[in-house]
file target.cif (mmCIF, C-alpha atoms and all ligand atoms; chains and numbers go by the auth columns)
data_start
loop_
_atom_site.group_PDB
_atom_site.id
_atom_site.type_symbol
_atom_site.label_atom_id
_atom_site.label_comp_id
_atom_site.label_asym_id
_atom_site.label_seq_id
_atom_site.Cartn_x
_atom_site.Cartn_y
_atom_site.Cartn_z
_atom_site.B_iso_or_equiv
_atom_site.auth_seq_id
_atom_site.auth_asym_id
ATOM 1 C CA MET A 1 75.822 49.128 77.378 0.00 158 A
ATOM 2 C CA SER A 2 79.520 49.946 77.269 0.00 159 A
ATOM 3 C CA LEU A 3 81.295 50.305 80.585 0.00 160 A
ATOM 4 C CA ASP A 4 84.102 52.370 79.043 0.00 161 A
ATOM 5 C CA ASN A 5 84.420 55.650 80.911 0.00 162 A
ATOM 6 C CA ALA A 6 81.010 54.987 82.472 0.00 163 A
ATOM 7 C CA ALA A 7 80.398 56.483 85.858 0.00 164 A
ATOM 8 C CA MET A 8 79.160 53.717 88.084 0.00 165 A
ATOM 9 C CA THR A 9 78.175 53.791 91.726 0.00 166 A
ATOM 10 C CA VAL A 10 78.622 50.756 93.942 0.00 167 A
ATOM 11 C CA PHE A 11 76.387 50.654 97.010 0.00 168 A
ATOM 12 C CA GLY A 12 78.223 48.295 99.300 0.00 169 A
ATOM 13 C CA ASP A 13 79.239 47.426 102.831 0.00 170 A
ATOM 14 C CA SER A 14 83.008 47.102 102.959 0.00 171 A
ATOM 15 C CA ILE A 15 82.844 44.289 105.543 0.00 172 A
ATOM 16 C CA SER A 16 80.856 42.166 103.061 0.00 173 A
ATOM 17 C CA GLY A 17 82.644 39.668 100.836 0.00 174 A
ATOM 18 C CA ASN A 18 79.769 39.861 98.356 0.00 175 A
ATOM 19 C CA CYS A 19 80.368 43.616 98.025 0.00 176 A
ATOM 20 C CA LEU A 20 84.152 43.256 97.882 0.00 177 A
ATOM 21 C CA LYS A 21 83.761 40.940 94.856 0.00 178 A
ATOM 22 C CA VAL A 22 82.514 43.967 92.904 0.00 179 A
ATOM 23 C CA LYS A 23 85.494 46.042 94.026 0.00 180 A
ATOM 24 C CA PHE A 24 87.920 43.240 93.100 0.00 181 A
ATOM 25 C CA VAL A 25 86.631 43.130 89.514 0.00 182 A
ATOM 26 C CA ALA A 26 86.342 46.913 89.107 0.00 183 A
ATOM 27 C CA ASP A 27 89.857 47.473 90.454 0.00 184 A
ATOM 28 C CA LEU A 28 91.407 44.668 88.361 0.00 185 A
ATOM 29 C CA LEU A 29 89.776 45.945 85.176 0.00 186 A
ATOM 30 C CA GLY A 30 90.311 49.631 85.937 0.00 187 A
ATOM 31 C CA ILE A 31 86.591 50.442 85.943 0.00 188 A
ATOM 32 C CA ALA A 32 86.107 53.851 87.555 0.00 189 A
ATOM 33 C CA HIS A 33 83.501 53.845 90.278 0.00 190 A
ATOM 34 C CA ASP A 34 82.194 55.674 93.294 0.00 191 A
ATOM 35 C CA TRP A 35 81.603 53.640 96.439 0.00 192 A
ATOM 36 C CA VAL A 36 78.678 54.517 98.706 0.00 193 A
ATOM 37 C CA GLU A 37 79.042 52.788 102.070 0.00 194 A
ATOM 38 C CA ILE A 38 75.803 51.097 103.178 0.00 195 A
ATOM 39 C CA SER A 39 75.971 49.515 106.630 0.00 196 A
ATOM 40 C CA VAL A 40 74.011 46.294 106.971 0.00 197 A
ATOM 41 C CA LEU A 41 74.520 46.340 110.750 0.00 198 A
ATOM 42 C CA LYS A 42 73.005 49.843 110.979 0.00 199 A
ATOM 43 C CA GLY A 43 69.981 48.722 108.911 0.00 200 A
ATOM 44 C CA GLU A 44 70.829 50.976 105.980 0.00 201 A
ATOM 45 C CA THR A 45 69.634 48.304 103.515 0.00 202 A
ATOM 46 C CA ARG A 46 66.106 48.735 104.971 0.00 203 A
ATOM 47 C CA THR A 47 65.514 52.432 104.310 0.00 204 A
ATOM 48 C CA PRO A 48 62.752 53.376 101.830 0.00 205 A
ATOM 49 C CA GLU A 49 65.388 54.939 99.539 0.00 206 A
ATOM 50 C CA PHE A 50 67.489 51.784 99.469 0.00 207 A
ATOM 51 C CA LEU A 51 64.464 49.469 99.049 0.00 208 A
ATOM 52 C CA ALA A 52 63.304 51.593 96.103 0.00 209 A
ATOM 53 C CA MET A 53 66.614 50.754 94.428 0.00 210 A
ATOM 54 C CA ASN A 54 66.759 47.093 95.485 0.00 211 A
ATOM 55 C CA PRO A 55 63.499 45.684 96.903 0.00 212 A
ATOM 56 C CA ALA A 56 65.487 42.640 98.105 0.00 213 A
ATOM 57 C CA GLY A 57 67.117 44.948 100.684 0.00 214 A
ATOM 58 C CA GLN A 58 70.625 43.644 100.039 0.00 215 A
ATOM 59 C CA VAL A 59 74.002 44.953 99.004 0.00 216 A
ATOM 60 C CA PRO A 60 75.855 44.992 96.668 0.00 217 A
ATOM 61 C CA VAL A 61 73.910 47.101 94.209 0.00 218 A
ATOM 62 C CA VAL A 62 75.435 48.910 91.256 0.00 219 A
ATOM 63 C CA ARG A 63 73.848 51.912 89.561 0.00 220 A
ATOM 64 C CA PHE A 64 75.216 52.707 86.125 0.00 221 A
ATOM 65 C CA ALA A 65 75.430 56.090 84.394 0.00 222 A
ATOM 66 C CA ASP A 66 72.200 55.384 82.487 0.00 223 A
ATOM 67 C CA ASN A 67 70.447 54.717 85.858 0.00 224 A
ATOM 68 C CA ASN A 68 70.170 50.989 85.227 0.00 225 A
ATOM 69 C CA VAL A 69 70.532 49.119 88.507 0.00 226 A
ATOM 70 C CA LEU A 70 71.956 45.638 89.028 0.00 227 A
ATOM 71 C CA SER A 71 72.132 43.499 92.175 0.00 228 A
ATOM 72 C CA GLN A 72 73.479 40.023 93.049 0.00 229 A
ATOM 73 C CA SER A 73 77.257 40.011 93.395 0.00 230 A
ATOM 74 C CA ASN A 74 77.962 37.324 90.822 0.00 231 A
ATOM 75 C CA ALA A 75 75.651 38.911 88.230 0.00 232 A
ATOM 76 C CA ILE A 76 77.444 42.224 88.759 0.00 233 A
ATOM 77 C CA MET A 77 80.859 40.573 88.417 0.00 234 A
ATOM 78 C CA LEU A 78 79.785 38.861 85.205 0.00 235 A
ATOM 79 C CA HIS A 79 78.499 42.112 83.728 0.00 236 A
ATOM 80 C CA LEU A 80 81.612 44.104 84.636 0.00 237 A
ATOM 81 C CA ALA A 81 83.953 41.374 83.370 0.00 238 A
ATOM 82 C CA GLU A 82 82.148 40.809 80.052 0.00 239 A
ATOM 83 C CA GLY A 83 84.760 40.358 77.300 0.00 240 A
ATOM 84 C CA SER A 84 87.696 40.364 79.723 0.00 241 A
ATOM 85 C CA GLY A 85 90.194 37.629 80.542 0.00 242 A
ATOM 86 C CA LEU A 86 88.409 37.027 83.868 0.00 243 A
ATOM 87 C CA ILE A 87 85.812 35.002 81.924 0.00 244 A
ATOM 88 C CA PRO A 88 87.363 32.008 80.130 0.00 245 A
ATOM 89 C CA ALA A 89 87.126 32.162 76.328 0.00 246 A
ATOM 90 C CA ASP A 90 86.784 28.386 76.082 0.00 247 A
ATOM 91 C CA ALA A 91 83.117 27.369 76.375 0.00 248 A
ATOM 92 C CA PHE A 92 83.723 24.416 78.676 0.00 249 A
ATOM 93 C CA ASP A 93 86.044 26.390 80.953 0.00 250 A
ATOM 94 C CA ARG A 94 83.389 29.090 81.046 0.00 251 A
ATOM 95 C CA ALA A 95 80.833 26.482 82.119 0.00 252 A
ATOM 96 C CA LEU A 96 83.247 25.336 84.835 0.00 253 A
ATOM 97 C CA MET A 97 83.525 28.926 86.027 0.00 254 A
ATOM 98 C CA PHE A 98 79.705 29.069 86.273 0.00 255 A
ATOM 99 C CA GLN A 99 79.749 25.738 88.111 0.00 256 A
ATOM 100 C CA TRP A 100 81.926 27.324 90.837 0.00 257 A
ATOM 101 C CA LEU A 101 79.931 30.572 90.880 0.00 258 A
ATOM 102 C CA PHE A 102 76.700 28.660 91.512 0.00 259 A
ATOM 103 C CA TRP A 103 78.388 26.454 94.114 0.00 260 A
ATOM 104 C CA GLU A 104 79.741 29.560 95.821 0.00 261 A
ATOM 105 C CA GLN A 105 76.242 31.024 96.173 0.00 262 A
ATOM 106 C CA TYR A 106 74.447 27.825 97.148 0.00 263 A
ATOM 107 C CA SER A 107 77.012 26.022 99.309 0.00 264 A
ATOM 108 C CA HIS A 108 80.023 28.173 100.171 0.00 265 A
ATOM 109 C CA GLU A 109 78.672 31.637 101.004 0.00 266 A
ATOM 110 C CA PRO A 110 75.718 30.356 103.067 0.00 267 A
ATOM 111 C CA ALA A 111 78.227 28.429 105.204 0.00 268 A
ATOM 112 C CA ILE A 112 81.350 30.550 105.626 0.00 269 A
ATOM 113 C CA ALA A 113 79.779 34.013 105.391 0.00 270 A
ATOM 114 C CA VAL A 114 77.015 33.050 107.812 0.00 271 A
ATOM 115 C CA LEU A 115 79.373 31.486 110.382 0.00 272 A
ATOM 116 C CA ARG A 116 81.676 34.527 110.125 0.00 273 A
ATOM 117 C CA PHE A 117 78.727 36.890 110.647 0.00 274 A
ATOM 118 C CA GLN A 118 77.497 34.971 113.686 0.00 275 A
ATOM 119 C CA LYS A 119 80.934 34.689 115.304 0.00 276 A
ATOM 120 C CA PHE A 120 82.681 37.908 114.348 0.00 277 A
ATOM 121 C CA TYR A 121 79.830 40.407 114.143 0.00 278 A
ATOM 122 C CA LEU A 122 77.052 38.969 116.315 0.00 279 A
ATOM 123 C CA LYS A 123 79.697 37.678 118.802 0.00 280 A
ATOM 124 C CA LYS A 124 77.816 34.412 119.319 0.00 281 A
ATOM 125 C CA SER A 125 79.545 31.929 121.604 0.00 282 A
ATOM 126 C CA ASP A 126 80.384 28.440 120.328 0.00 283 A
ATOM 127 C CA SER A 127 77.438 26.983 122.282 0.00 284 A
ATOM 128 C CA GLU A 128 75.036 29.298 120.406 0.00 285 A
ATOM 129 C CA ILE A 129 76.279 28.162 117.005 0.00 286 A
ATOM 130 C CA ASP A 130 74.647 25.268 115.172 0.00 287 A
ATOM 131 C CA PRO A 131 77.324 22.522 114.943 0.00 288 A
ATOM 132 C CA ALA A 132 75.903 21.594 111.516 0.00 289 A
ATOM 133 C CA LEU A 133 76.912 25.045 110.227 0.00 290 A
ATOM 134 C CA THR A 134 80.522 24.582 111.343 0.00 291 A
ATOM 135 C CA ALA A 135 80.560 21.068 109.856 0.00 292 A
ATOM 136 C CA LYS A 136 79.269 22.478 106.561 0.00 293 A
ATOM 137 C CA CYS A 137 82.126 25.020 106.510 0.00 294 A
ATOM 138 C CA VAL A 138 84.736 22.311 107.093 0.00 295 A
ATOM 139 C CA LYS A 139 83.206 20.246 104.269 0.00 296 A
ATOM 140 C CA VAL A 140 83.326 23.242 101.922 0.00 297 A
ATOM 141 C CA LEU A 141 86.987 23.938 102.740 0.00 298 A
ATOM 142 C CA ALA A 142 87.878 20.255 102.327 0.00 299 A
ATOM 143 C CA LEU A 143 86.280 20.211 98.873 0.00 300 A
ATOM 144 C CA MET A 144 88.222 23.324 97.851 0.00 301 A
ATOM 145 C CA ASN A 145 91.452 21.935 99.273 0.00 302 A
ATOM 146 C CA SER A 146 91.007 18.732 97.308 0.00 303 A
ATOM 147 C CA HIS A 147 90.302 20.648 94.064 0.00 304 A
ATOM 148 C CA LEU A 148 93.392 22.798 94.580 0.00 305 A
ATOM 149 C CA GLN A 149 95.754 19.842 95.142 0.00 306 A
ATOM 150 C CA THR A 150 96.539 19.744 91.437 0.00 307 A
ATOM 151 C CA ARG A 151 95.951 23.349 90.321 0.00 308 A
ATOM 152 C CA GLU A 152 96.727 26.930 91.217 0.00 309 A
ATOM 153 C CA TYR A 153 93.431 28.489 90.091 0.00 310 A
ATOM 154 C CA PHE A 154 89.896 27.098 90.156 0.00 311 A
ATOM 155 C CA VAL A 155 89.485 26.998 86.368 0.00 312 A
ATOM 156 C CA GLY A 156 91.892 26.753 83.442 0.00 313 A
ATOM 157 C CA GLU A 157 95.068 27.587 85.380 0.00 314 A
ATOM 158 C CA LYS A 158 94.242 31.257 85.135 0.00 315 A
ATOM 159 C CA LEU A 159 92.589 33.815 87.401 0.00 316 A
ATOM 160 C CA SER A 160 88.840 33.900 86.717 0.00 317 A
ATOM 161 C CA LEU A 161 85.661 35.106 88.384 0.00 318 A
ATOM 162 C CA ALA A 162 85.496 31.709 90.114 0.00 319 A
ATOM 163 C CA ASP A 163 88.595 32.602 92.159 0.00 320 A
ATOM 164 C CA LEU A 164 87.330 36.110 92.919 0.00 321 A
ATOM 165 C CA ALA A 165 83.916 34.897 94.082 0.00 322 A
ATOM 166 C CA LEU A 166 85.373 32.134 96.224 0.00 323 A
ATOM 167 C CA VAL A 167 88.174 34.143 97.782 0.00 324 A
ATOM 168 C CA ALA A 168 85.814 36.890 98.955 0.00 325 A
ATOM 169 C CA TYR A 169 84.713 34.998 102.081 0.00 326 A
ATOM 170 C CA THR A 170 87.430 32.330 102.218 0.00 327 A
ATOM 171 C CA ARG A 171 89.985 35.005 103.142 0.00 328 A
ATOM 172 C CA PHE A 172 87.804 35.837 106.171 0.00 329 A
ATOM 173 C CA ALA A 173 87.716 32.182 107.305 0.00 330 A
ATOM 174 C CA HIS A 174 89.736 32.991 110.450 0.00 331 A
ATOM 175 C CA GLN A 175 86.968 35.388 111.510 0.00 332 A
ATOM 176 C CA ALA A 176 84.607 32.401 111.351 0.00 333 A
ATOM 177 C CA GLY A 177 86.960 30.510 113.682 0.00 334 A
ATOM 178 C CA LEU A 178 88.134 28.269 110.824 0.00 335 A
ATOM 179 C CA ASP A 179 91.837 27.471 110.644 0.00 336 A
ATOM 180 C CA LEU A 180 93.194 27.378 107.091 0.00 337 A
ATOM 181 C CA ALA A 181 96.333 25.636 108.384 0.00 338 A
ATOM 182 C CA SER A 182 94.217 22.461 108.162 0.00 339 A
ATOM 183 C CA HIS A 183 93.562 23.268 104.486 0.00 340 A
ATOM 184 C CA PRO A 184 97.023 24.245 103.220 0.00 341 A
ATOM 185 C CA GLU A 185 96.134 24.285 99.507 0.00 342 A
ATOM 186 C CA VAL A 186 93.314 26.699 100.235 0.00 343 A
ATOM 187 C CA ARG A 187 95.624 28.872 102.326 0.00 344 A
ATOM 188 C CA ALA A 188 98.245 28.988 99.528 0.00 345 A
ATOM 189 C CA TRP A 189 95.536 29.777 96.955 0.00 346 A
ATOM 190 C CA VAL A 190 94.123 32.614 99.115 0.00 347 A
ATOM 191 C CA ARG A 191 97.631 34.142 99.275 0.00 348 A
ATOM 192 C CA ARG A 192 97.979 33.720 95.487 0.00 349 A
ATOM 193 C CA ILE A 193 94.686 35.482 94.735 0.00 350 A
ATOM 194 C CA GLU A 194 95.416 38.217 97.290 0.00 351 A
ATOM 195 C CA ARG A 195 98.746 38.760 95.532 0.00 352 A
ATOM 196 C CA ASP A 196 97.007 38.878 92.127 0.00 353 A
ATOM 197 C CA LEU A 197 94.610 41.460 93.542 0.00 354 A
ATOM 198 C CA GLY A 198 97.397 43.470 95.197 0.00 355 A
ATOM 199 C CA LEU A 199 95.885 42.896 98.640 0.00 356 A
ATOM 200 C CA GLU A 200 97.743 42.480 101.931 0.00 357 A
ATOM 201 C CA PRO A 201 97.195 39.019 103.423 0.00 358 A
ATOM 202 C CA LEU A 202 94.514 39.125 106.115 0.00 359 A
ATOM 203 C CA ALA A 203 95.681 36.107 108.104 0.00 360 A
HETATM 204 N N1 LIG B . 73.141 36.552 96.846 0.00 401 B
HETATM 205 C C1 LIG B . 73.384 37.940 97.188 0.00 401 B
HETATM 206 C C2 LIG B . 73.535 38.027 98.688 0.00 401 B
HETATM 207 C C3 LIG B . 73.627 39.467 99.142 0.00 401 B
HETATM 208 C C4 LIG B . 73.643 39.557 100.643 0.00 401 B
HETATM 209 O O1 LIG B . 73.379 38.593 101.388 0.00 401 B
HETATM 210 N N2 LIG B . 73.940 40.760 101.108 0.00 401 B
HETATM 211 C C5 LIG B . 74.005 40.986 102.516 0.00 401 B
HETATM 212 C C6 LIG B . 75.375 41.550 102.875 0.00 401 B
HETATM 213 S S1 LIG B . 76.618 40.356 102.520 0.00 401 B
HETATM 214 C C7 LIG B . 72.943 42.002 102.880 0.00 401 B
HETATM 215 O O2 LIG B . 72.783 42.986 102.197 0.00 401 B
HETATM 216 N N3 LIG B . 72.221 41.744 103.953 0.00 401 B
HETATM 217 C C8 LIG B . 71.255 42.659 104.427 0.00 401 B
HETATM 218 C C9 LIG B . 69.949 41.998 104.665 0.00 401 B
HETATM 219 O O3 LIG B . 69.724 40.885 104.130 0.00 401 B
HETATM 220 O O4 LIG B . 69.164 42.596 105.367 0.00 401 B
HETATM 221 C C10 LIG B . 74.624 38.453 96.466 0.00 401 B
HETATM 222 O O5 LIG B . 75.499 37.638 96.136 0.00 401 B
HETATM 223 O O6 LIG B . 74.705 39.661 96.190 0.00 401 B
#
call {"tool": "encode", "arguments": {"input": "target.cif", "output": "structure tokens"}}
result
Amino acid sequence: MSLDNAAMTVFGDSISGNCLKVKFVADLLGIAHDWVEISVLKGETRTPEFLAMNPAGQVPVVRFADNNVLSQSNAIMLHLAEGSGLIPADAFDRALMFQWLFWEQYSHEPAIAVLRFQKFYLKKSDSEIDPALTAKCVKVLALMNSHLQTREYFVGEKLSLADLALVAYTRFAHQAGLDLASHPEVRAWVRRIERDLGLEPLA
């Protein structure tokens, strides 16, 4: 399926890093799209209409002009970016990009996105938050900081989907109560990717 001139509708919550990943790629590649705001907090992912489109009850979801529907943020990014410079041409670099995409979903997002949600949206106090979750976030940021000591981008010294997936929640770290001043390479990288995306710095 060609994405050229295709009308595509993104069903997303604009407070969600997972949903913003889709916008980052579409905007960078100039892929025209409509955005339908779906509020997770208002339970709009649980309506019969939404569940008929994505039985997993999660955003983001993309519906293409031919009515095909795709969910899972990283799968959507990969589909939109097919054949573009956001996916490394070199096979090993491409594998490294996948390495970071899988790490993002298994280790990074379940830490930073969850802590941010609990603190910033559910307004949980520090005593209500599992200390192991905060420790996991610090470990994740330390690993990223160490990787970025010797490079400007996660893979191949060039912007790739790995950076876009990882920046989505890292740039909200302050809303999780995490101070990027302790992870200066990560902070500089966030600014770099925000600049590449034409975004104003959040913190
Ligand atoms: N692995 C999924 C995670 C999607 C996800 O957790 N979406 C959240 C918003 S960030 C959601 O829709 N939550 C609603 C719910 O689970 O009820 C992805 O990357 O797309």
call {"tool": "residues_near_ligand", "arguments": {"input": "target.cif", "ligand": "ligand LIG 401 (chain B)", "cutoff": "7 Å", "atoms": "all atoms listed in the file", "output": "PyMOL selection string"}}
result
chain A and resi 173-176+197+202-203+214-217+228-231+262
call {"tool": "write_last_selection", "arguments": {"input": "target.cif", "atoms": "C-alpha atoms", "output": "CSV table (one decimal), in the coordinates of the input"}}
result
chain,number,residue,atom,x,y,z
A,173,SER,CA,80.9,42.2,103.1
A,174,GLY,CA,82.6,39.7,100.8
A,175,ASN,CA,79.8,39.9,98.4
A,176,CYS,CA,80.4,43.6,98.0
A,197,VAL,CA,74.0,46.3,107.0
A,202,THR,CA,69.6,48.3,103.5
A,203,ARG,CA,66.1,48.7,105.0
A,214,GLY,CA,67.1,44.9,100.7
A,215,GLN,CA,70.6,43.6,100.0
A,216,VAL,CA,74.0,45.0,99.0
A,217,PRO,CA,75.9,45.0,96.7
A,228,SER,CA,72.1,43.5,92.2
A,229,GLN,CA,73.5,40.0,93.0
A,230,SER,CA,77.3,40.0,93.4
A,231,ASN,CA,78.0,37.3,90.8
A,262,GLN,CA,76.2,31.0,96.2
call {"tool": "closest_residue", "arguments": {"input": "target.cif", "among": "A:Ile244, A:Met301, A:Ala319, A:Ile172", "to": "A:Ala345", "atoms": "all atoms listed in the file"}}
result
A:Met301
call {"tool": "resolve_selection", "arguments": {"input": "target.cif", "expression": "the PyMOL selection byres (((chain A and resi 185-187) around 9) and not hetatm)", "output": "list in words"}}
result
Lys180, Phe181, Val182, Ala183, Asp184, Ile188, Ala189, Leu237, Ala238, Ser241, Asp353 and Leu354 of chain A
call {"tool": "resolve_selection", "arguments": {"input": "target.cif", "expression": "the PyMOL selection byres (((chain A and resi 323) around 12) and not hetatm)", "output": "PyMOL selection string"}}
result
chain A and resi 174-175+177-178+181+230-231+254-267+269-270+297-298+301+310-312+316-322+324-330+343+346-347+350-351
call {"tool": "atom_distance", "arguments": {"input": "target.cif", "atom1": "atom CA of A:Ala232", "atom2": "atom CA of A:Thr291"}}
result
27.6 Å
call {"tool": "residues_around", "arguments": {"input": "target.cif", "residues": "A:Asn225", "least_positions_apart": "6", "cutoff": "12 Å", "atoms": "all atoms listed in the file", "output": "list of chain:residue names"}}
result
A:Met158, A:Ala163, A:Ala164, A:Met165, A:Thr166, A:Met210, A:Asn211, A:Val218, A:Val219, A:Ile233
